[in-house]
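Participant: Starting off with a structure, shown below.
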Amino acid sequence: MPRPNGLARAALRFKPSAFAGTLVALALAAMIVAACGILLETGVRAEVPPQRYAHATVVAAADQQARTGHGDDGDHQPVPDRARLDASLVAAAATAPGARTAVADVGFPVRGPHGTPRTAHNWSSTAFTGERLTTGRAPRAGEAVLSHGTVGSRITLTTPDGTRTAYRVSGIAPAPHPALWLADTDAVRHSGHPGRVDAVVVLPRPGVPTATLKAQVARALGHRAQVHTGTDRGAVEDPSLAQARELLTGLGGSFGGVATLVAVFTAAGTVALGVGQRAREFALLRAIGTTPRQIRRTVATEALLVAPLAGAAGCLPGIALAHWWLGRLRDKGAVPDAVHLSVSWIPLVTAMGTVLLTALCAGWLAARRGARVKPGQALGEASVERLRVGWIRTPLGLAAVAGGCVFAGLAASQSGEDAADAALGIVFLFMLAVALLGPLVARACAALFGLPLRGGGAPATLAAANSRTNARRLASAITPIVLAMAFASVLVFLQTSEDKATADQQRAGVTADHVVTADRGLAPDAVRRARRTPGVTAAVGLLRTSVLVPVSGALETASAQGVDGSVRDLSAVQDLDVRHGRLSLKPGEIAVDEGLARDAGVRIGGRLRLRLPDGTKAAPVVVATYGRGLGLSQLTMGRDGLATHVTSAFDTELWTRGGTPSDLAPLGTVLDRDGWTAARSLDRELNAWANAVMAAVLGGFATVAAGNTLVMTVLARRGELGVLRLVGSTRRQVLRMVHWEALLVVLAGIALGSGIALATLVPMVKGLTGQAPYVPPAVYGTFAGGIVVLGLTAVTVPARAALRRETLER
């Protein structure tokens with residue numbers, strides 16, 4: 001590693017402004033890399049302290065991941081609902097040599113008198129939760145223990161399996177939340193998933209270490225269950241932790257990879273610009289005998305001095321950004337409140353190493369030509385920019401263009417997720433092409449956009465000429481603008497396109513007059529009562545959940561609705577736009593959205609091999625395909641096929657044709673079509689917010705980098721601006737020339753970025769929704785207008801300062 005030399009220290013000491021832009025760009029890159037790395041580490045280390053299982057030594061539970069292969073091979077996704085164990089494993093766990101007892105844990109929602117929601121558990125679970133009777137005795141069959149009540153009274157409970165049973169209160173056990181306990185046999189039978197339990201808790205014999213008991217229980221249960229101790233028990237208690245880990249690792253890994261590439265590209269361009277602006281300085285050094293090795297060593301030393309400082313300056317804002325990001329995810333319910341930010345040295349050192357490597361590589365490449373040229377030619381090379389064809393960059397750039405075109409054609413010929421995956425390659429390859437072919441692209445943009453300027457007076461003509469003869473400087477400013485426009489447009493307009501397609505399908509597909517909802521689910525007899533309501537001609541209950549469908553070898557989440565009613569009633573309240581086959585709600589049959597069926601490779605009469613909400617494998621026969629799955633539900637089947645595979649089997653919604661809100665009000669919250677559509681749009685708020693934040697992070701970073709680059713280019717031209725004043729140009733004429741140049745840069749960047757975004761969005765949105773992209777003019781205008789304002793401001797402020805200084809010196 002080169003040691004700092006006097007020339008590098010002198011350059012930083014006496015010309016700090018020359019390195020200010022580089023410092024800003026590297027600090028922003030470090031901030032992005034650090035924030036994404038911290039989120040990734042948080043996802044890997046995320047844990048929830050156990051509460052219900054706090055005193056449970058060993059907890060055996062089902063694998064909460066659905067897997068397509070064996071072991072760690074193949075794809076795996078968290079199951080949408082809780083996966084459960086067969087009740088027979090309680091006895092198997094009790095056979096472990098160190099086990100004192102094995103206790104099943106069963107929990108499920110019930111409705112008490114007057115529809116009051118409660119949580120029911122089996123009484124044996126108090127062996128590890130610690131509740132104790134203050135009055136009465138433990139429940140037997142047909143009895144219940146309440147957290148508050150009167151011993152000897154009778155209560156009627158509505159359980160998920162649809163039964164209404166009168167229970168005698170046998171005892172009182174105070175608890176912090178309304179709860180009740182049933183005999184173990186009653187709890188398992190009425191839980192809605194008979195024969196299965198949430199988990200098995202194993203308590204040790206005296207003197208048996210936890211690690212020993214864990215190994216013994218694992219041997220007793222084999223591959224039928226996963227055994228947890230320590231903080232892992234919290235993940236069993238709160239299955240949402242798996243989704244949170246998936247979200248955070250995906251956000252920090254996938255988005256972090258994209259953000260890191262953008263940050264590195266942008267920062268490298270800024271470093272290269274800073275080194276390139278010192279070509280005259282290096283030429284003078286070469287002319288007085290400085291060797292190429294000394295030039296390269298100087299640039300490397302400057303990077304070693306600036307990059308660590310920039311990395312340190314960017315890490316603290318990166319931690320703050322990650323903290324804010326995680327806080328918003330917690331507020332929106334995507335991450336449990338107990339998950340805290342994990343900040344270690346790993347992402348911070350990675351961020352600093354990334355910016356250091358970026359500065360070293362970019363500086364070495366930019367200084368290579370100046371260090372290699374002969375001393376006699378150095379000043380001539382530095383006086384006029386010459387556009388040369390790079391024998392490495394140019395072929396790679398052309399290959400990236402060809403690859404982008406191939407991916408565009410591939411995406412246009414695909415559909416669904418395949419089209420979306422192929423379309424992602426378009427934006428990366430075209431952005432890589434812009435970065436590699438920057439000077440050539442800039443020269444072409446200057447020639448094209450400079451044509452209108454030639455008739456716009458002396459300042460405009462001079463701006464066009466400057467742009468043509470300084471293509472490398474122009475490319476350094478255009479590239480971050482292209483990045484900002486392309487990535488922000490893809491992220492935001494993908495969401496607006498999906499939202500519009502969803503709204504269109506909902507507007508056409510919802511034919512119900514009223515939709516009744518309830519926070520904890522509807523009563524089991526809600527459909528029957530609605531049908532007897534005056535004026536109601538059709539009523540169906542819907543149990544909404546999600547399932548996992550194999551698409552191209554990976555498991556994808558798909559929305560599903562279990563219908564409690566007839567096909568005729570369903571057709572009266574929903575127009576699914578059936579394309580092929582006939583709707584059927586018989587057991588073992590399913591109707592599938594046409595796009596999902598195409599992605600999954602199934603047709604009418606074939607079997608869709610899916611995973612139900614609790615991970616159970618199923619293969620129903622596809623009897624129909626329809627076109628409005630995005631707005632309504634991607635899968636439609638009979639309610640009984642889903643009810644025993646969800647935690648709460650109470651219907652989520654009740655759709656009716658006819659009736660009045662006042663007559664339906666006793667059943668729950670009554671919404672009309674517009675109210676239901678608005679409520680559903682709130683469910684998509686998290687995705688919209690996530691895309692907006694990612695667009696703001698990427699687009700904002702690239703936009704600030706573009707402004708920083710423009711400021712650097714103007715500051716480096718103070719001598720040129722002074723010469724223009726000396727030959728008679730007025731301050732106003734010089735400023736107008738600078739404004740025209742900035743306008744050419746931002747318009748070229750906006751046009752290129754918009755073209756890349758459009759080439760990406762058309763096949764992606766076509767494959768996902770079957771429609772063309774929807775670009776709200778106001779949003780696009782805001783993007784473009786913001787970039788124009790930033791570009792003009794970024795050149796006006798330093799240009800005015802340079803002209804004011806030149807006037808004072810004169």
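Chain labels run A, B, ... following the order of the structure tokens; each chain numbers its residues from 1, and ligands are numbered from 1 in the order shown.
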When DSSP is applied to the backbone of this structure, which of region 626-752 of chain A are assigned strand (DSSP E or B)? Write them out as a ChimeraX atom specification.

Facilitator: /A:626,635-638,653-658,669-671

Participant: Could you please write out, as a ChimeraX atom specification, every residue of region 39-185 of chain A that DSSP assigns to alpha helix (DSSP H)?

Facilitator: /A:39-45,89-94,126-129,184-185

Participant: Find the spatial neighbours of Trp689 (chain A), counting only C-alpha atoms, within a cut-off of 10 Å - ignore same-chain residues fewer than 3 positions away - and output them as a list in words.

Facilitator: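 Close residues of Trp689 (chain A): Arg328, Leu329, Lys332, Val492, Gln495, Arg684, Glu685, Leu686, Ala692, Val693, Met694 and Ala695 of chain A.
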
Participant: Just the residues within 6 Å of Ala794 (chain A), please, counting only C-alpha atoms, with nothing from its chain fewer than 6 positions along; format it as a ChimeraX atom specification.

Facilitator: /A:707,710-711

Participant: Can those selected residues be exported to a file as a PDB file, in the first residue's frame so that it contains N, CA and C atoms?

Facilitator:
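Writing the result to out-v9.pdb gives the following:
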ATOM      1  N   GLY A 707     -25.922  17.051  -8.846  1.00  0.00           N
ATOM      2  CA  GLY A 707     -25.690  18.447  -8.479  1.00  0.00           C
ATOM      3  C   GLY A 707     -24.265  18.683  -8.036  1.00  0.00           C
ATOM      4  N   LEU A 710     -22.090  18.829 -11.107  1.00  0.00           N
ATOM      5  CA  LEU A 710     -22.229  20.106 -11.819  1.00  0.00           C
ATOM      6  C   LEU A 710     -21.482  21.216 -11.098  1.00  0.00           C
ATOM      7  N   VAL A 711     -21.549  21.230  -9.788  1.00  0.00           N
ATOM      8  CA  VAL A 711     -20.810  22.235  -9.024  1.00  0.00           C
ATOM      9  C   VAL A 711     -19.305  22.084  -9.269  1.00  0.00           C
TER      10      VAL A 711
END

Participant: Using only C-alpha atoms, which protein or nucleic acid residues come within 10 Å of region 173-188 of chain A? Drop anything in the same chain fewer than 2 positions from it, and give the result as a PyMOL selection string.

Facilitator: chain A and resi 87+103-110+112+116-126+130-149+159+167+169-171+190-198

Participant: What gap, in Å, lies between CA of Val536 (chain A) and CA of Asp577 (chain A)?

Facilitator: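 Distance between the two atoms: 23.2 Å.
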
Participant: Would you give me, as JSON lines, each residue of region 632-723 of chain A having an atom within 10 Å of an atom of region 779-790 of chain A, along with its shortest atom pair and that distance in Å to one decimal, using only C-alpha atoms and sorting by chain and residue number?

Facilitator:
{"residue": "A:Gly699", "atom": "CA", "partner": "A:Phe783", "partner_atom": "CA", "distance": 9.3}
{"residue": "A:Gly700", "atom": "CA", "partner": "A:Ile787", "partner_atom": "CA", "distance": 10.0}
{"residue": "A:Thr703", "atom": "CA", "partner": "A:Ile787", "partner_atom": "CA", "distance": 7.0}
{"residue": "A:Val704", "atom": "CA", "partner": "A:Leu790", "partner_atom": "CA", "distance": 8.3}
{"residue": "A:Ala706", "atom": "CA", "partner": "A:Leu790", "partner_atom": "CA", "distance": 8.7}
{"residue": "A:Gly707", "atom": "CA", "partner": "A:Leu790", "partner_atom": "CA", "distance": 6.4}
{"residue": "A:Asn708", "atom": "CA", "partner": "A:Leu790", "partner_atom": "CA", "distance": 10.0}
{"residue": "A:Leu710", "atom": "CA", "partner": "A:Leu790", "partner_atom": "CA", "distance": 9.7}

Participant: Hey, what's within 9 Å of Asp575 (chain A) if we count only C-alpha atoms and toss same-chain stuff fewer than 5 positions away? As a short mmCIF file (atom, residue, chain, number, x, y, z; two decimals) with N, CA and C atoms, in the first residue's frame, please?

Facilitator:
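Writing done, so here's part-v4.cif:
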data_model
loop_
_atom_site.label_atom_id
_atom_site.label_comp_id
_atom_site.auth_asym_id
_atom_site.auth_seq_id
_atom_site.Cartn_x
_atom_site.Cartn_y
_atom_site.Cartn_z
N ALA A 508 -64.37 -3.02 -12.07
CA ALA A 508 -65.17 -3.86 -12.95
C ALA A 508 -65.63 -5.15 -12.27
N GLY A 509 -64.87 -5.63 -11.26
CA GLY A 509 -65.17 -6.94 -10.70
C GLY A 509 -66.06 -6.94 -9.48
N VAL A 510 -66.14 -5.83 -8.76
CA VAL A 510 -66.97 -5.78 -7.55
C VAL A 510 -68.40 -5.42 -7.96
N THR A 511 -69.27 -6.39 -7.90
CA THR A 511 -70.68 -6.15 -8.23
C THR A 511 -71.56 -6.21 -6.98
N LEU A 570 -71.73 -16.26 -5.61
CA LEU A 570 -70.44 -15.63 -5.85
C LEU A 570 -70.46 -14.82 -7.13
N ARG A 628 -59.35 -11.29 -13.37
CA ARG A 628 -59.32 -10.18 -12.42
C ARG A 628 -58.75 -10.60 -11.07
#

Participant: Quick one: everything within 12 Å of Ala591 (chain A), counting only C-alpha atoms, minus sequence neighbours fewer than 6 positions away in the same chain. Send it as a compact mmCIF listing (two decimals) with all heavy atoms, in the first residue's frame.

Facilitator:
# COMPACT_ATOMS: atom_id res chain seq x y z
N ALA A 560 -55.58 -15.70 -1.80
CA ALA A 560 -56.59 -16.75 -1.98
C ALA A 560 -57.84 -16.36 -1.21
O ALA A 560 -57.76 -15.72 -0.15
CB ALA A 560 -56.07 -18.10 -1.50
N GLN A 561 -58.99 -16.76 -1.75
CA GLN A 561 -60.25 -16.55 -1.05
C GLN A 561 -61.02 -17.88 -0.99
O GLN A 561 -61.20 -18.55 -2.00
CB GLN A 561 -61.09 -15.47 -1.73
CG GLN A 561 -61.45 -15.73 -3.18
CD GLN A 561 -62.28 -14.62 -3.79
OE1 GLN A 561 -62.54 -13.59 -3.16
NE2 GLN A 561 -62.74 -14.81 -5.02
N GLY A 562 -61.41 -18.24 0.23
CA GLY A 562 -62.26 -19.40 0.42
C GLY A 562 -63.70 -18.95 0.51
O GLY A 562 -64.04 -18.11 1.35
N VAL A 563 -64.55 -19.48 -0.34
CA VAL A 563 -65.92 -18.98 -0.50
C VAL A 563 -66.88 -19.84 0.30
O VAL A 563 -66.90 -21.07 0.16
CB VAL A 563 -66.32 -18.96 -1.99
CG1 VAL A 563 -67.74 -18.43 -2.16
CG2 VAL A 563 -65.32 -18.12 -2.79
N VAL A 567 -71.80 -20.99 -6.18
CA VAL A 567 -71.22 -20.33 -7.34
C VAL A 567 -72.14 -19.23 -7.85
O VAL A 567 -71.70 -18.16 -8.26
CB VAL A 567 -70.93 -21.36 -8.45
CG1 VAL A 567 -70.48 -20.67 -9.72
CG2 VAL A 567 -69.86 -22.35 -8.00
N LEU A 576 -65.48 -12.23 -11.78
CA LEU A 576 -64.07 -12.60 -11.89
C LEU A 576 -63.55 -12.58 -13.32
O LEU A 576 -62.34 -12.72 -13.54
CB LEU A 576 -63.87 -14.00 -11.30
CG LEU A 576 -64.01 -14.12 -9.78
CD1 LEU A 576 -64.06 -15.58 -9.36
CD2 LEU A 576 -62.88 -13.41 -9.07
N ASP A 577 -64.43 -12.40 -14.29
CA ASP A 577 -64.05 -12.42 -15.71
C ASP A 577 -63.45 -13.78 -16.08
O ASP A 577 -62.27 -13.89 -16.45
CB ASP A 577 -63.07 -11.29 -16.01
CG ASP A 577 -62.74 -11.18 -17.49
OD1 ASP A 577 -63.56 -11.63 -18.31
OD2 ASP A 577 -61.66 -10.66 -17.82
N VAL A 578 -64.28 -14.81 -15.98
CA VAL A 578 -63.83 -16.17 -16.28
C VAL A 578 -63.47 -16.28 -17.75
O VAL A 578 -64.28 -15.95 -18.63
CB VAL A 578 -64.91 -17.20 -15.90
CG1 VAL A 578 -64.47 -18.60 -16.30
CG2 VAL A 578 -65.21 -17.13 -14.40
N ARG A 579 -62.26 -16.72 -18.03
CA ARG A 579 -61.77 -16.84 -19.41
C ARG A 579 -61.94 -18.26 -19.95
O ARG A 579 -62.31 -18.46 -21.10
CB ARG A 579 -60.29 -16.44 -19.46
CG ARG A 579 -59.99 -15.05 -18.90
CD ARG A 579 -60.40 -13.95 -19.85
NE ARG A 579 -60.18 -12.64 -19.32
CZ ARG A 579 -59.01 -11.98 -19.38
NH1 ARG A 579 -57.96 -12.57 -19.92
NH2 ARG A 579 -58.90 -10.76 -18.90
N HIS A 580 -61.63 -19.26 -19.12
CA HIS A 580 -61.71 -20.65 -19.56
C HIS A 580 -62.28 -21.49 -18.42
O HIS A 580 -62.03 -21.22 -17.24
CB HIS A 580 -60.34 -21.20 -19.97
CG HIS A 580 -59.66 -20.41 -21.05
ND1 HIS A 580 -58.77 -19.40 -20.79
CD2 HIS A 580 -59.77 -20.48 -22.40
CE1 HIS A 580 -58.34 -18.88 -21.92
NE2 HIS A 580 -58.93 -19.52 -22.92
N GLY A 581 -63.04 -22.52 -18.77
CA GLY A 581 -63.59 -23.43 -17.78
C GLY A 581 -64.81 -22.86 -17.08
O GLY A 581 -65.41 -21.87 -17.50
N ARG A 582 -65.18 -23.49 -15.98
CA ARG A 582 -66.34 -23.07 -15.20
C ARG A 582 -65.97 -23.04 -13.72
O ARG A 582 -65.26 -23.91 -13.22
CB ARG A 582 -67.50 -24.06 -15.40
CG ARG A 582 -68.07 -24.09 -16.82
CD ARG A 582 -69.18 -25.12 -16.92
NE ARG A 582 -70.24 -24.85 -15.95
CZ ARG A 582 -71.25 -25.68 -15.72
NH1 ARG A 582 -71.34 -26.84 -16.36
NH2 ARG A 582 -72.17 -25.35 -14.83
N LEU A 583 -66.49 -22.02 -13.03
CA LEU A 583 -66.22 -21.91 -11.60
C LEU A 583 -66.83 -23.09 -10.86
O LEU A 583 -67.92 -23.55 -11.18
CB LEU A 583 -66.81 -20.61 -11.05
CG LEU A 583 -66.06 -19.31 -11.34
CD1 LEU A 583 -66.83 -18.13 -10.77
CD2 LEU A 583 -64.66 -19.34 -10.75
N SER A 584 -66.11 -23.56 -9.86
CA SER A 584 -66.60 -24.64 -9.01
C SER A 584 -66.00 -24.46 -7.62
O SER A 584 -64.83 -24.07 -7.50
CB SER A 584 -66.24 -26.01 -9.57
OG SER A 584 -66.58 -27.03 -8.65
N LEU A 585 -66.79 -24.71 -6.59
CA LEU A 585 -66.33 -24.60 -5.22
C LEU A 585 -66.31 -25.96 -4.52
O LEU A 585 -66.29 -26.04 -3.30
CB LEU A 585 -67.24 -23.62 -4.45
CG LEU A 585 -67.32 -22.21 -5.03
CD1 LEU A 585 -68.32 -21.37 -4.25
CD2 LEU A 585 -65.95 -21.54 -5.02
N ALA A 597 -51.82 -18.78 -13.49
CA ALA A 597 -51.84 -20.12 -14.09
C ALA A 597 -50.77 -20.24 -15.17
O ALA A 597 -50.09 -21.28 -15.28
CB ALA A 597 -53.23 -20.40 -14.67
N VAL A 602 -49.83 -24.31 -15.45
CA VAL A 602 -50.96 -25.22 -15.31
C VAL A 602 -52.09 -24.78 -16.25
O VAL A 602 -52.22 -23.61 -16.57
CB VAL A 602 -51.48 -25.29 -13.86
CG1 VAL A 602 -50.44 -25.89 -12.95
CG2 VAL A 602 -51.91 -23.91 -13.37
N ARG A 603 -52.90 -25.76 -16.65
CA ARG A 603 -54.04 -25.50 -17.52
C ARG A 603 -55.28 -26.12 -16.92
O ARG A 603 -55.24 -26.79 -15.88
CB ARG A 603 -53.78 -26.06 -18.92
CG ARG A 603 -52.58 -25.45 -19.63
CD ARG A 603 -52.40 -26.05 -21.02
NE ARG A 603 -51.26 -25.46 -21.71
CZ ARG A 603 -50.89 -25.81 -22.94
NH1 ARG A 603 -51.54 -26.78 -23.59
NH2 ARG A 603 -49.84 -25.22 -23.51
N ILE A 604 -56.39 -25.90 -17.61
CA ILE A 604 -57.66 -26.48 -17.16
C ILE A 604 -57.52 -28.01 -17.11
O ILE A 604 -57.05 -28.63 -18.06
CB ILE A 604 -58.81 -26.08 -18.09
CG1 ILE A 604 -58.95 -24.56 -18.15
CG2 ILE A 604 -60.12 -26.73 -17.64
CD1 ILE A 604 -59.32 -23.93 -16.85
N GLY A 605 -57.91 -28.59 -15.99
CA GLY A 605 -57.81 -30.03 -15.82
C GLY A 605 -56.52 -30.48 -15.17
O GLY A 605 -56.42 -31.63 -14.72
N GLY A 606 -55.52 -29.60 -15.12
CA GLY A 606 -54.27 -29.95 -14.46
C GLY A 606 -54.33 -29.69 -12.97
O GLY A 606 -55.28 -29.08 -12.45
N ARG A 607 -53.32 -30.09 -12.26
CA ARG A 607 -53.26 -29.90 -10.82
C ARG A 607 -52.26 -28.80 -10.47
O ARG A 607 -51.14 -28.79 -10.97
CB ARG A 607 -52.89 -31.20 -10.11
CG ARG A 607 -53.98 -32.26 -10.18
CD ARG A 607 -53.68 -33.45 -9.28
NE ARG A 607 -54.78 -34.41 -9.30
CZ ARG A 607 -55.84 -34.36 -8.50
NH1 ARG A 607 -55.93 -33.37 -7.61
NH2 ARG A 607 -56.79 -35.26 -8.57
N LEU A 608 -52.71 -27.89 -9.61
CA LEU A 608 -51.85 -26.82 -9.12
C LEU A 608 -51.26 -27.26 -7.79
O LEU A 608 -51.96 -27.34 -6.78
CB LEU A 608 -52.66 -25.53 -8.95
CG LEU A 608 -51.89 -24.32 -8.42
CD1 LEU A 608 -50.79 -23.91 -9.39
CD2 LEU A 608 -52.84 -23.15 -8.17
N PRO A 620 -55.00 -29.23 -5.85
CA PRO A 620 -56.36 -29.19 -6.39
C PRO A 620 -56.36 -29.13 -7.91
O PRO A 620 -55.39 -28.67 -8.54
CB PRO A 620 -56.94 -27.92 -5.77
CG PRO A 620 -55.75 -27.06 -5.51
CD PRO A 620 -54.64 -27.99 -5.15
N VAL A 621 -57.46 -29.55 -8.51
CA VAL A 621 -57.62 -29.53 -9.96
C VAL A 621 -58.07 -28.14 -10.39
O VAL A 621 -59.00 -27.56 -9.82
CB VAL A 621 -58.64 -30.59 -10.40
CG1 VAL A 621 -58.86 -30.52 -11.91
CG2 VAL A 621 -58.18 -31.98 -10.00
N VAL A 622 -57.42 -27.59 -11.40
CA VAL A 622 -57.79 -26.29 -11.93
C VAL A 622 -59.01 -26.46 -12.83
O VAL A 622 -58.97 -27.17 -13.84
CB VAL A 622 -56.63 -25.66 -12.72
CG1 VAL A 622 -57.04 -24.32 -13.31
CG2 VAL A 622 -55.41 -25.50 -11.82
N VAL A 623 -60.13 -25.81 -12.45
CA VAL A 623 -61.38 -25.94 -13.20
C VAL A 623 -61.71 -24.68 -13.98
O VAL A 623 -62.59 -24.71 -14.85
CB VAL A 623 -62.55 -26.30 -12.26
CG1 VAL A 623 -62.33 -27.67 -11.64
CG2 VAL A 623 -62.72 -25.23 -11.17
N ALA A 624 -61.04 -23.57 -13.68
CA ALA A 624 -61.33 -22.32 -14.38
C ALA A 624 -60.15 -21.37 -14.23
O ALA A 624 -59.40 -21.43 -13.24
CB ALA A 624 -62.61 -21.67 -13.84
N THR A 625 -60.00 -20.50 -15.21
CA THR A 625 -59.06 -19.38 -15.12
C THR A 625 -59.82 -18.10 -15.38
O THR A 625 -60.76 -18.07 -16.17
CB THR A 625 -57.91 -19.52 -16.13
OG1 THR A 625 -58.44 -19.57 -17.46
CG2 THR A 625 -57.10 -20.78 -15.87
N TYR A 626 -59.40 -17.03 -14.69
CA TYR A 626 -60.12 -15.76 -14.81
C TYR A 626 -59.13 -14.61 -14.88
O TYR A 626 -57.93 -14.80 -14.66
CB TYR A 626 -61.12 -15.57 -13.66
CG TYR A 626 -60.54 -15.75 -12.28
CD1 TYR A 626 -59.95 -14.69 -11.60
CD2 TYR A 626 -60.60 -16.98 -11.63
CE1 TYR A 626 -59.45 -14.84 -10.32
CE2 TYR A 626 -60.09 -17.16 -10.34
CZ TYR A 626 -59.51 -16.07 -9.69
OH TYR A 626 -59.02 -16.23 -8.43
N GLY A 627 -59.64 -13.42 -15.19
CA GLY A 627 -58.77 -12.31 -15.53
C GLY A 627 -58.64 -11.21 -14.51
O GLY A 627 -57.92 -10.25 -14.76
N ARG A 628 -59.35 -11.29 -13.37
CA ARG A 628 -59.32 -10.18 -12.42
C ARG A 628 -58.75 -10.60 -11.07
O ARG A 628 -59.21 -10.16 -10.02
CB ARG A 628 -60.73 -9.60 -12.26
CG ARG A 628 -61.27 -8.99 -13.55
CD ARG A 628 -62.44 -8.08 -13.33
NE ARG A 628 -62.82 -7.45 -14.59
CZ ARG A 628 -63.97 -7.68 -15.22
NH1 ARG A 628 -64.87 -8.51 -14.70
NH2 ARG A 628 -64.24 -7.07 -16.36
N GLY A 629 -57.73 -11.44 -11.11
CA GLY A 629 -57.13 -11.89 -9.86
C GLY A 629 -56.36 -10.81 -9.15
O GLY A 629 -56.25 -10.82 -7.92
N SER A 633 -58.85 -11.67 -6.17
CA SER A 633 -58.04 -12.69 -5.51
C SER A 633 -57.47 -13.60 -6.59
O SER A 633 -58.15 -13.92 -7.56
CB SER A 633 -58.87 -13.50 -4.52
OG SER A 633 -58.05 -14.39 -3.80
N GLN A 634 -56.22 -14.03 -6.41
CA GLN A 634 -55.58 -14.83 -7.45
C GLN A 634 -56.05 -16.28 -7.45
O GLN A 634 -55.91 -16.96 -8.46
CB GLN A 634 -54.06 -14.78 -7.26
CG GLN A 634 -53.46 -13.40 -7.53
CD GLN A 634 -52.00 -13.33 -7.20
OE1 GLN A 634 -51.62 -13.32 -6.03
NE2 GLN A 634 -51.16 -13.31 -8.21
N LEU A 635 -56.58 -16.75 -6.32
CA LEU A 635 -57.08 -18.12 -6.23
C LEU A 635 -58.45 -18.10 -5.58
O LEU A 635 -58.67 -17.37 -4.61
CB LEU A 635 -56.13 -18.99 -5.40
CG LEU A 635 -54.71 -19.17 -5.93
CD1 LEU A 635 -53.85 -19.84 -4.88
CD2 LEU A 635 -54.70 -19.97 -7.21
N THR A 636 -59.37 -18.92 -6.10
CA THR A 636 -60.72 -19.01 -5.55
C THR A 636 -61.07 -20.48 -5.37
O THR A 636 -60.94 -21.28 -6.31
CB THR A 636 -61.74 -18.35 -6.48
OG1 THR A 636 -61.40 -16.96 -6.64
CG2 THR A 636 -63.15 -18.45 -5.93
N MET A 637 -61.49 -20.84 -4.17
CA MET A 637 -61.82 -22.22 -3.86
C MET A 637 -62.87 -22.24 -2.74
O MET A 637 -63.23 -21.20 -2.18
CB MET A 637 -60.58 -22.98 -3.42
CG MET A 637 -59.89 -22.38 -2.20
SD MET A 637 -58.22 -23.03 -1.87
CE MET A 637 -58.54 -24.76 -1.72
N GLY A 638 -63.38 -23.43 -2.44
CA GLY A 638 -64.32 -23.56 -1.36
C GLY A 638 -63.68 -23.26 -0.02
O GLY A 638 -62.49 -23.52 0.21

Participant: Using only C-alpha atoms for the distances, tell me which of A:Pro439, A:Pro661, A:Gly755, A:Pro798 is nearest to Val714 (chain A).

Facilitator: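 For Val714 (chain A), the nearest of the given residues is A:Pro798.
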